[in-house]
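Asks: Below is model17.csv; it holds CSV, C-alpha atoms and all ligand atoms.
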```csv
chain,number,residue,atom,x,y,z
A,1,MET,CA,81.6,102.3,125.1
A,2,TYR,CA,78.9,105.0,125.1
A,3,LEU,CA,79.3,107.9,122.6
A,4,TYR,CA,76.9,110.8,122.0
A,5,ASN,CA,75.4,110.5,118.5
A,6,THR,CA,74.4,113.9,117.2
A,7,LEU,CA,71.6,112.4,115.1
A,8,ARG,CA,70.0,110.6,118.0
A,9,ARG,CA,70.7,113.4,120.5
A,10,ARG,CA,71.9,111.1,123.2
A,11,PRO,CA,74.8,108.9,124.1
A,12,VAL,CA,74.3,105.4,122.6
A,13,GLU,CA,76.3,102.3,123.0
A,14,PHE,CA,78.8,102.2,120.2
A,15,GLU,CA,79.2,98.6,118.9
A,16,PRO,CA,81.8,97.9,116.2
A,17,VAL,CA,80.7,95.6,113.4
A,18,GLN,CA,83.0,92.5,113.2
A,19,ASN,CA,85.5,94.3,115.5
A,20,ARG,CA,86.3,96.9,112.9
A,21,VAL,CA,85.6,100.6,112.8
A,22,GLY,CA,85.9,103.0,109.9
A,23,LEU,CA,86.4,106.6,111.1
A,24,TYR,CA,86.1,109.6,108.9
A,25,VAL,CA,86.9,113.0,110.3
A,26,CYS,CA,86.6,116.1,108.2
A,27,GLY,CA,90.1,117.6,107.8
A,28,ILE,CA,91.5,121.1,107.2
A,29,THR,CA,91.4,123.3,104.2
A,30,PRO,CA,95.1,123.7,103.8
A,31,TYR,CA,95.9,127.4,103.4
A,32,ASP,CA,97.0,128.3,107.0
A,33,GLY,CA,98.5,126.7,110.1
A,34,GLY,CA,96.4,124.6,112.5
A,35,HIS,CA,94.7,126.4,115.3
A,36,LEU,CA,93.6,125.3,118.7
A,37,GLY,CA,90.1,124.5,117.4
A,38,HIS,CA,91.6,122.0,115.0
A,39,ALA,CA,93.8,120.6,117.7
A,40,PHE,CA,90.8,120.1,120.0
A,41,THR,CA,88.9,118.2,117.3
A,42,TYR,CA,91.8,115.9,116.2
A,43,HIS,CA,92.9,115.4,119.9
A,44,THR,CA,89.4,114.1,120.7
A,45,PHE,CA,89.3,111.6,117.8
A,46,ASP,CA,92.9,110.6,118.6
A,47,ILE,CA,91.7,109.5,122.1
A,48,LEU,CA,88.8,107.6,120.6
A,49,VAL,CA,91.2,105.8,118.2
A,50,ARG,CA,93.6,105.0,121.0
A,51,ARG,CA,90.8,103.6,123.2
A,52,LEU,CA,89.3,101.5,120.4
A,53,ARG,CA,92.7,100.1,119.5
A,54,GLN,CA,93.5,99.3,123.1
A,55,GLN,CA,90.4,97.1,123.0
A,56,ARG,CA,91.9,95.3,120.0
A,57,ILE,CA,89.4,96.8,117.6
A,58,THR,CA,90.8,97.4,114.1
A,59,VAL,CA,90.4,101.1,113.3
A,60,ARG,CA,90.9,102.6,109.9
A,61,SER,CA,91.1,106.3,110.4
A,62,VAL,CA,90.7,108.8,107.5
A,63,ARG,CA,91.0,112.5,107.5
A,64,ASN,CA,90.6,114.3,104.2
A,65,ILE,CA,92.4,117.4,103.1
A,66,THR,CA,90.0,119.8,101.4
A,67,ASP,CA,92.4,121.0,98.7
A,68,VAL,CA,89.7,122.3,96.3
A,69,ASP,CA,87.3,124.9,97.7
A,70,ASP,CA,86.6,128.6,97.6
A,71,SER,CA,88.8,129.5,100.6
A,72,ILE,CA,92.0,127.8,99.4
A,73,LEU,CA,91.6,128.9,95.8
A,74,GLY,CA,91.0,132.5,97.0
A,75,ALA,CA,94.1,132.3,99.3
A,76,ALA,CA,96.2,130.9,96.4
A,77,ARG,CA,95.0,133.7,94.1
A,78,GLU,CA,95.8,136.4,96.8
A,79,ARG,CA,99.3,135.1,97.3
A,80,GLY,CA,99.9,134.4,93.6
A,81,ILE,CA,100.9,130.8,93.9
A,82,ASP,CA,99.4,127.5,92.7
A,83,TYR,CA,96.8,126.0,95.0
A,84,ARG,CA,98.6,122.7,95.1
A,85,GLU,CA,101.8,124.4,96.3
A,86,LEU,CA,99.9,126.3,98.9
A,87,GLY,CA,98.2,123.1,100.0
A,88,ASP,CA,101.4,121.1,100.2
A,89,ARG,CA,103.0,123.8,102.4
A,90,ALA,CA,100.1,124.1,104.7
A,91,VAL,CA,99.7,120.3,105.0
A,92,ALA,CA,103.4,119.9,105.9
A,93,LEU,CA,103.0,122.5,108.7
A,94,PHE,CA,99.7,121.0,109.9
A,95,ASP,CA,101.2,117.4,110.0
A,96,HIS,CA,104.2,118.8,111.9
A,97,ASP,CA,102.0,120.4,114.5
A,98,MET,CA,99.8,117.3,114.9
A,99,GLU,CA,102.8,115.0,115.2
A,100,ALA,CA,104.4,117.3,117.8
A,101,LEU,CA,101.1,117.1,119.8
A,102,GLY,CA,101.3,113.3,119.7
A,103,ILE,CA,98.3,112.9,117.5
A,104,LEU,CA,98.6,109.5,115.8
A,105,PRO,CA,98.9,109.7,112.0
A,106,VAL,CA,95.8,108.8,110.0
A,107,ASP,CA,95.6,105.7,107.8
A,108,ALA,CA,94.5,107.8,104.8
A,109,ALA,CA,94.4,111.5,103.9
A,110,PRO,CA,92.5,111.7,100.6
A,111,ARG,CA,92.4,114.9,98.6
A,112,PRO,CA,89.3,115.8,96.5
A,113,SER,CA,91.6,116.9,93.6
A,114,GLU,CA,92.6,113.3,93.1
A,115,HIS,CA,89.0,111.9,92.9
A,116,VAL,CA,86.9,114.4,90.9
A,117,PRO,CA,85.7,111.8,88.3
A,118,ALA,CA,84.0,109.8,91.2
A,119,MET,CA,82.3,113.0,92.3
A,120,VAL,CA,81.1,113.7,88.7
A,121,GLN,CA,79.6,110.2,88.7
A,122,GLN,CA,77.7,110.7,91.9
A,123,ILE,CA,76.3,114.0,90.7
A,124,GLU,CA,75.2,112.3,87.5
A,125,ARG,CA,73.3,109.7,89.6
A,126,LEU,CA,71.7,112.5,91.6
A,127,MET,CA,70.5,114.0,88.3
A,128,GLN,CA,69.1,110.7,87.2
A,129,VAL,CA,67.0,110.2,90.3
A,130,GLY,CA,65.8,113.8,90.1
A,131,SER,CA,67.5,115.2,93.2
A,132,ALA,CA,69.8,117.5,91.3
A,133,TYR,CA,69.4,120.1,88.5
A,134,ALA,CA,71.8,122.0,86.3
A,135,VAL,CA,71.6,125.7,85.5
A,136,GLN,CA,74.2,127.5,83.3
A,137,GLY,CA,77.0,125.0,84.1
A,138,TRP,CA,76.1,124.9,87.8
A,139,VAL,CA,74.5,121.8,89.5
A,140,TYR,CA,72.5,122.1,92.7
A,141,PHE,CA,71.0,119.5,95.0
A,142,ASP,CA,67.3,120.0,95.3
A,143,VAL,CA,66.5,119.9,99.0
A,144,SER,CA,62.8,119.6,98.3
A,145,THR,CA,63.4,116.0,97.2
A,146,PHE,CA,64.8,115.1,100.5
A,147,PRO,CA,62.3,115.6,103.3
A,148,ARG,CA,64.8,114.6,106.0
A,149,TYR,CA,66.9,117.7,105.2
A,150,GLY,CA,67.5,119.4,108.5
A,151,ARG,CA,67.2,116.3,110.7
A,152,LEU,CA,70.8,116.1,111.8
A,153,SER,CA,71.0,119.8,112.7
A,154,GLU,CA,67.4,120.0,113.9
A,155,LEU,CA,67.2,123.5,112.3
A,156,ASP,CA,64.2,125.0,110.6
A,157,SER,CA,64.5,126.7,107.2
A,158,ALA,CA,65.0,130.2,108.7
A,159,ALA,CA,67.9,129.0,110.9
A,160,MET,CA,69.4,127.1,108.1
A,161,LEU,CA,69.2,130.1,105.8
A,162,ALA,CA,71.0,132.3,108.4
A,163,LEU,CA,73.8,129.8,108.9
A,164,SER,CA,74.2,129.1,105.2
A,165,ARG,CA,74.8,132.8,104.6
A,166,GLU,CA,77.3,132.8,107.5
A,167,ARG,CA,79.2,129.7,106.3
A,168,GLY,CA,79.9,130.5,102.7
A,169,GLY,CA,76.6,129.6,101.0
A,170,ASP,CA,74.7,132.0,98.8
A,171,PRO,CA,71.0,131.8,99.5
A,172,ASN,CA,70.4,134.7,97.0
A,173,ASP,CA,71.9,132.8,94.1
A,174,ALA,CA,69.1,133.4,91.5
A,175,ARG,CA,69.8,130.1,89.7
A,176,LYS,CA,68.6,128.1,92.7
A,177,HIS,CA,65.1,126.7,92.9
A,178,ASN,CA,65.2,126.9,96.7
A,179,PRO,CA,67.6,129.2,98.7
A,180,LEU,CA,68.7,126.1,100.7
A,181,ASP,CA,69.7,124.1,97.6
A,182,PHE,CA,73.4,123.6,97.7
A,183,VAL,CA,76.2,123.5,95.1
A,184,LEU,CA,77.3,120.1,93.7
A,185,TRP,CA,79.2,121.4,90.8
A,186,GLN,CA,80.3,124.9,89.6
A,187,PRO,CA,82.1,126.3,86.6
A,188,SER,CA,85.7,127.2,87.4
A,189,LEU,CA,86.9,130.8,87.1
A,190,VAL,CA,89.7,131.4,84.6
A,191,ASP,CA,92.6,130.8,87.1
A,192,GLU,CA,91.0,127.9,89.0
A,193,PRO,CA,91.6,124.2,88.5
A,194,ARG,CA,89.1,122.5,86.2
A,195,TRP,CA,87.8,119.1,85.4
A,196,GLN,CA,85.5,117.8,82.6
A,197,SER,CA,81.9,117.2,83.4
A,198,PRO,CA,78.6,117.1,81.4
A,199,TRP,CA,77.7,120.5,82.7
A,200,SER,CA,80.8,122.7,82.5
A,201,GLU,CA,84.6,122.6,82.9
A,202,GLY,CA,84.5,123.1,86.6
A,203,ARG,CA,85.0,121.8,90.1
A,204,PRO,CA,83.0,120.0,92.8
A,205,GLY,CA,81.2,121.6,95.7
A,206,TRP,CA,82.6,121.1,99.1
A,207,HIS,CA,79.9,118.7,100.5
A,208,ILE,CA,80.1,116.2,97.7
A,209,GLU,CA,83.8,115.9,98.2
A,210,CYS,CA,83.5,114.4,101.7
A,211,SER,CA,80.6,112.1,100.7
A,212,VAL,CA,82.6,110.6,97.9
A,213,LEU,CA,85.9,110.4,99.7
A,214,SER,CA,84.4,108.7,102.8
A,215,ASP,CA,82.6,106.2,100.7
A,216,LEU,CA,85.8,105.5,98.6
A,217,GLU,CA,88.0,105.0,101.7
A,218,LEU,CA,85.6,103.2,104.0
A,219,GLY,CA,82.5,102.0,102.2
A,220,LEU,CA,78.9,102.6,103.3
A,221,PRO,CA,77.7,102.9,105.9
A,222,ILE,CA,80.5,104.9,107.5
A,223,ASP,CA,80.8,103.7,111.2
A,224,ILE,CA,81.8,107.1,112.7
A,225,HIS,CA,81.8,110.4,110.9
A,226,GLY,CA,82.9,113.5,112.7
A,227,GLY,CA,84.3,116.9,112.8
A,228,GLY,CA,83.9,120.3,114.5
A,229,ALA,CA,80.3,121.2,115.5
A,230,ASP,CA,80.2,124.0,112.9
A,231,LEU,CA,80.1,121.2,110.2
A,232,ILE,CA,76.8,119.8,111.3
A,233,TYR,CA,75.0,122.3,109.1
A,234,PRO,CA,75.4,122.6,106.2
A,235,HIS,CA,78.3,120.2,105.5
A,236,HIS,CA,77.2,117.0,107.2
A,237,GLU,CA,73.5,117.7,106.7
A,238,SER,CA,74.2,117.9,103.0
A,239,GLU,CA,76.5,114.9,102.9
A,240,ILE,CA,73.6,112.8,104.3
A,241,ALA,CA,71.1,114.2,101.7
A,242,GLN,CA,73.2,113.6,98.6
A,243,THR,CA,74.1,110.1,99.6
A,244,GLU,CA,70.7,108.9,101.0
A,245,ALA,CA,68.8,110.5,98.2
A,246,LEU,CA,70.4,107.8,96.0
A,247,GLY,CA,68.6,105.1,98.0
A,248,VAL,CA,71.4,104.4,100.5
A,249,GLU,CA,69.5,103.6,103.7
A,250,THR,CA,72.1,104.9,106.1
A,251,PHE,CA,75.1,107.0,105.1
A,252,CYS,CA,76.7,107.0,108.6
A,253,ARG,CA,75.9,105.0,111.7
A,254,HIS,CA,77.3,107.4,114.3
A,255,TRP,CA,77.8,111.2,114.1
A,256,MET,CA,80.2,112.8,116.5
A,257,HIS,CA,80.9,116.6,116.8
A,258,VAL,CA,83.4,118.4,118.8
A,259,ALA,CA,82.5,121.8,120.4
A,260,MET,CA,83.9,125.1,119.3
A,261,VAL,CA,86.8,126.7,121.1
A,262,GLY,CA,86.5,130.4,121.8
A,263,TYR,CA,89.0,133.2,122.5
A,264,HIS,CA,88.4,136.7,123.9
A,265,GLY,CA,84.6,136.1,124.0
A,266,GLU,CA,84.2,134.9,120.5
A,267,LYS,CA,84.4,131.7,118.6
A,268,MET,CA,87.9,131.2,117.3
A,269,SER,CA,87.7,131.8,113.6
A,270,LYS,CA,89.7,133.0,110.7
A,271,SER,CA,87.2,135.7,109.8
A,272,LEU,CA,87.4,137.2,113.3
A,273,GLY,CA,91.2,137.0,113.3
A,274,ASN,CA,91.3,135.6,116.9
A,275,LEU,CA,93.1,132.3,116.1
A,276,VAL,CA,95.5,130.7,118.6
A,277,PHE,CA,97.9,128.7,116.4
A,278,VAL,CA,99.3,125.4,117.6
A,279,HIS,CA,102.8,126.2,116.4
A,280,ASP,CA,102.8,129.4,118.5
A,281,LEU,CA,101.8,127.5,121.7
A,282,LEU,CA,104.4,124.8,120.9
A,283,GLN,CA,107.1,127.6,120.9
A,284,ARG,CA,106.6,128.3,124.6
A,285,THR,CA,105.0,125.2,126.2
A,286,SER,CA,105.3,121.4,126.1
A,287,PRO,CA,103.0,119.3,123.9
A,288,ALA,CA,102.1,117.4,127.1
A,289,ALA,CA,100.7,120.6,128.8
A,290,ILE,CA,98.7,121.4,125.7
A,291,ARG,CA,97.2,117.9,125.6
A,292,LEU,CA,96.4,118.1,129.3
A,293,MET,CA,94.7,121.4,128.8
A,294,LEU,CA,92.6,119.9,126.1
A,295,CYS,CA,91.8,116.8,128.2
A,296,ALA,CA,90.5,119.1,130.9
A,297,GLN,CA,87.6,120.2,128.6
A,298,HIS,CA,84.8,117.8,127.6
A,299,TYR,CA,84.7,117.5,123.9
A,300,ARG,CA,81.0,118.5,123.7
A,301,SER,CA,81.3,121.6,125.8
A,302,GLU,CA,82.3,124.9,124.3
A,303,TRP,CA,85.1,126.5,126.2
A,304,GLU,CA,87.4,129.5,125.9
A,305,TYR,CA,91.1,129.4,125.7
A,306,ARG,CA,92.9,131.4,128.4
A,307,GLU,CA,96.5,131.5,129.5
A,308,ASP,CA,95.7,130.3,133.0
A,309,LEU,CA,94.3,127.0,131.6
A,310,LEU,CA,97.7,126.3,130.1
A,311,SER,CA,99.5,127.1,133.4
A,312,ALA,CA,97.1,124.9,135.3
A,313,ALA,CA,97.9,122.1,132.8
A,314,GLY,CA,101.6,122.7,133.3
A,315,LEU,CA,101.2,122.3,137.1
A,316,ARG,CA,99.3,119.1,136.5
A,317,GLN,CA,102.0,117.8,134.3
A,318,ALA,CA,104.6,118.6,137.0
A,319,THR,CA,102.6,116.5,139.5
A,320,TYR,CA,102.5,113.5,137.2
A,321,VAL,CA,106.2,113.8,136.5
A,322,GLU,CA,106.8,113.9,140.2
A,323,ALA,CA,104.7,110.8,140.8
A,324,ILE,CA,106.5,108.9,138.1
A,325,LYS,CA,109.9,109.9,139.4
A,326,SER,CA,109.0,109.4,143.1
A,327,GLY,CA,109.5,105.7,143.0
A,328,GLY,CA,106.2,105.6,144.9
A,329,ARG,CA,104.3,102.4,145.0
A,330,LEU,CA,100.7,101.2,144.6
A,331,GLU,CA,99.0,98.1,145.9
A,332,PRO,CA,98.1,96.1,142.7
A,333,ARG,CA,94.5,96.0,143.8
A,334,ASP,CA,94.4,99.8,144.1
A,335,ALA,CA,96.1,100.1,140.7
A,336,ILE,CA,93.4,97.9,139.1
A,337,GLU,CA,90.7,100.0,140.7
A,338,PHE,CA,92.2,103.3,139.4
A,339,GLN,CA,92.6,101.7,136.0
A,340,THR,CA,89.0,100.5,135.9
A,341,GLU,CA,87.6,103.9,137.0
A,342,PHE,CA,89.8,105.6,134.4
A,343,HIS,CA,88.5,103.4,131.5
A,344,GLU,CA,85.0,103.9,132.8
A,345,ARG,CA,85.4,107.7,132.4
A,346,ILE,CA,86.8,107.4,128.9
A,347,ASP,CA,84.0,104.9,127.9
A,348,ASP,CA,81.4,107.3,129.1
A,349,ASP,CA,81.4,109.5,126.1
A,350,LEU,CA,85.1,110.3,126.3
A,351,ASP,CA,84.8,112.0,129.7
A,352,THR,CA,88.4,113.2,129.7
A,353,PRO,CA,87.9,115.7,132.6
A,354,GLY,CA,86.7,112.8,134.7
A,355,ALA,CA,89.6,110.7,133.6
A,356,LEU,CA,92.0,113.4,134.7
A,357,GLY,CA,90.3,113.4,138.1
A,358,VAL,CA,91.2,109.7,138.4
A,359,LEU,CA,94.8,110.4,137.3
A,360,ASP,CA,95.1,113.2,139.8
A,361,ILE,CA,94.1,110.9,142.7
A,362,ALA,CA,96.3,108.1,141.5
A,363,ALA,CA,99.3,110.4,141.1
A,364,LYS,CA,98.7,111.7,144.6
A,365,ALA,CA,98.4,108.2,146.0
A,366,ILE,CA,101.7,107.2,144.4
A,367,ILE,CA,103.5,110.3,145.7
A,368,GLU,CA,102.2,109.7,149.3
A,369,THR,CA,102.5,106.0,149.5
A,370,ASP,CA,104.4,104.5,152.3
A,371,HIS,CA,107.3,103.0,150.4
A,372,ALA,CA,107.6,100.1,152.9
A,373,THR,CA,104.0,98.9,152.3
A,374,THR,CA,104.0,95.2,151.8
A,375,GLY,CA,102.8,94.0,148.4
A,376,ALA,CA,103.1,97.4,146.9
A,377,THR,CA,105.4,97.6,143.9
A,378,ARG,CA,107.0,100.6,142.3
A,379,THR,CA,106.5,99.3,138.7
A,380,VAL,CA,102.7,99.0,139.3
A,381,GLY,CA,102.5,102.7,140.0
A,382,THR,CA,104.6,104.1,137.2
A,383,GLU,CA,103.3,101.7,134.6
A,384,LEU,CA,99.7,102.6,135.5
A,385,LEU,CA,100.4,106.3,135.1
A,386,GLY,CA,102.2,105.7,131.9
A,387,GLU,CA,99.4,103.7,130.4
A,388,MET,CA,96.7,106.2,131.4
A,389,LEU,CA,98.7,109.1,130.0
A,390,ASP,CA,99.4,107.2,126.8
A,391,LEU,CA,95.6,106.7,126.3
A,392,LEU,CA,95.1,110.4,126.5
A,393,GLY,CA,97.9,111.0,124.0
A,394,VAL,CA,100.1,112.8,126.6
A,395,LEU,CA,103.7,112.1,125.8
B,401,ZN,ZN,84.0,117.1,105.3
```
Just dump the structure as structure tokens.

Replies:
Amino acid sequence: MYLYNTLRRRPVEFEPVQNRVGLYVCGITPYDGGHLGHAFTYHTFDILVRRLRQQRITVRSVRNITDVDDSILGAARERGIDYRELGDRAVALFDHDMEALGILPVDAAPRPSEHVPAMVQQIERLMQVGSAYAVQGWVYFDVSTFPRYGRLSELDSAAMLALSRERGGDPNDARKHNPLDFVLWQPSLVDEPRWQSPWSEGRPGWHIECSVLSDLELGLPIDIHGGGADLIYPHHESEIAQTEALGVETFCRHWMHVAMVGYHGEKMSKSLGNLVFVHDLLQRTSPAAIRLMLCAQHYRSEWEYREDLLSAAGLRQATYVEAIKSGGRLEPRDAIEFQTEFHERIDDDLDTPGALGVLDIAAKAIIETDHATTGATRTVGTELLGEMLDLLGVL
């Protein structure tokens, strides 16, 4: 199977070690429902997991829940409730949406709030090797000690500074030695959760959470680490730095990123208020149509949600249902050919639009088959369609 590796900037043959794959996908910050951007990311990794398991590869899939960070604590404060209560509610809604979409449950969903002592230990080690410094209860990673900083995102300092500002960093923080240094630990405000540390009663930074959780759940190196493309910088860039600065040769073998989804000409984002929520779509359309709409997009290409994409997916779904109900038949050798082509598309960097093309032709062939054809059997046709749709997570 070929998968595009963000760090190597090309598709590379992905080879599991001892037939096992540990997959870590950055999860949601639970303070709101899941939107289409989340669904596209988790749908993509769901197909990857299904294909690996189909090849009898043992996959351990982990998706964290970022229950301690600025955004959830801010939202909890605004609504006057405990961040854990807010988190539990949002996680329940999110899990419900993902299940409705047919996205397989993960094997572990760790929360930073449950593993802070391990994070404190890793920050202490970074202090010992001279890659971190403490100022007034805050601890920062010193990017000047890690020359490879910026290699994953291929961004220069100016571009990183601009993005950092946009994505919640504070390059103007006067305590920092370098504006690109990032927070490993910060003192908690009066109403925020707090943990003991040598520097202050505080809480971990966002990036250290995922480094520590992925290591705890899967061990290093992580086979595949992924998430939305907006996590490449600073989140994943910083995860690499704070792990490899400790002498770990490779934090992660394969980086995968899913392109952003837009709406009305802009990237779908909370700050722009142009979110399309999964639970709203589920009110008026079938999970199968939503999954087929997502399959029609390649995971590395940015796209914009439009109503007509959903209608087109609905028509496609109707054709597949017609094929399955038609009692149409396929010659076994044709079925094998369709199946092979379909798997080739998936194994070519998860080319789901190409895979749908194969499905379309197979469905048409089943509908149009001369039912009297010798050797053709009905079960071959319906089983084939069922298996292909199952691999795409279409119920
Ligand atoms: Zn993460």

Asks: Please report the interatomic distance between CA of Arg51 in chain A and CA of Ile65 in chain A in Å with one decimal.

Replies: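 Interatomic distance, CA of Arg51 in chain A to CA of Ile65 in chain A: 24.4 Å.
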
Asks: Residues within 8 Å of ligand ZN 401 (chain B) should be enumerated using all atoms listed in the file and returned as JSON, numbers by chain.

Replies: {"A": [25, 26, 27, 64, 66, 206, 207, 209, 210, 211, 227, 231, 235, 236]}

Asks: Would you write out those residues with C-alpha atoms, as a compact mmCIF listing (two decimals), in the coordinates of the input?

Replies:
```
# COMPACT_ATOMS: atom_id res chain seq x y z
CA VAL A 25 86.90 113.00 110.30
CA CYS A 26 86.60 116.10 108.20
CA GLY A 27 90.10 117.60 107.80
CA ASN A 64 90.60 114.30 104.20
CA THR A 66 90.00 119.80 101.40
CA TRP A 206 82.60 121.10 99.10
CA HIS A 207 79.90 118.70 100.50
CA GLU A 209 83.80 115.90 98.20
CA CYS A 210 83.50 114.40 101.70
CA SER A 211 80.60 112.10 100.70
CA GLY A 227 84.30 116.90 112.80
CA LEU A 231 80.10 121.20 110.20
CA HIS A 235 78.30 120.20 105.50
CA HIS A 236 77.20 117.00 107.20
```

Asks: Would you please work out which residue, of A:Cys295, A:Val59, A:Met98, A:Ala289, is nearest to Thr319 in chain A when using all atoms listed in the file?

Replies: A:Ala289

Asks: Write out as a list in words which residues come within 9 Å of Asp142 in chain A when counting all atoms listed in the file, dropping same-chain ones fewer than 4 positions away.

Replies: Gly130, Ser131, Ala132, Tyr133, Phe146, Lys176, His177, Asn178, Leu180, Asp181 and Phe182 of chain A

Asks: When you count only C-alpha atoms, which of these residues is closest to Asp191 in chain A: A:Pro16, A:Gly137, A:Gly33, A:Gly74?

Replies: A:Gly74

Asks: I need the residue nearest Ser326 in chain A from this list: A:Val276, A:Ala363, A:Ile346, A:Ala75. Use all atoms listed in the file for the distance.

Replies: A:Ala363

Asks: Between A:Arg79, A:Arg20, A:His343, A:Arg329, single out the one closest to Ala362 in chain A, counting only C-alpha atoms.

Replies: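 That would be A:Arg329, the residue with the smallest distance to Ala362 in chain A.
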
Asks: Residues near Ile222 in chain A, anyone? I mean within 12 Å using all atoms listed in the file, not counting same-chain ones fewer than 4 positions away, as a VMD selection string.

Replies: chain A and resid 16 to 17 20 to 25 60 to 62 210 to 218 226 239 to 240 243 248 to 256

Asks: What is the CA of Val380 in chain A-CA of Pro332 in chain A distance in Å, reported with one decimal?

Replies: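 We find that CA of Val380 in chain A and CA of Pro332 in chain A lie 6.4 Å from each other.
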
Asks: For Leu384 in chain A, which residue out of A:Ala134, A:Asp170, A:Ala335, A:Asp349 is the nearest one, using all atoms listed in the file?

Replies: A:Ala335

Asks: Which distance in Å separates CA of Ala259 in chain A and CA of Thr58 in chain A, to one decimal?

Replies: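 Interatomic distance here is 26.5 Å.
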
Asks: Could you check the closest approach to Gly168 in chain A for each of A:Val183, A:Tyr299, A:Phe342, A:Gly150 and tell me which residue wins, using only C-alpha atoms?

Replies: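 Using only C-alpha atoms, Gly168 in chain A sits closest to A:Val183.
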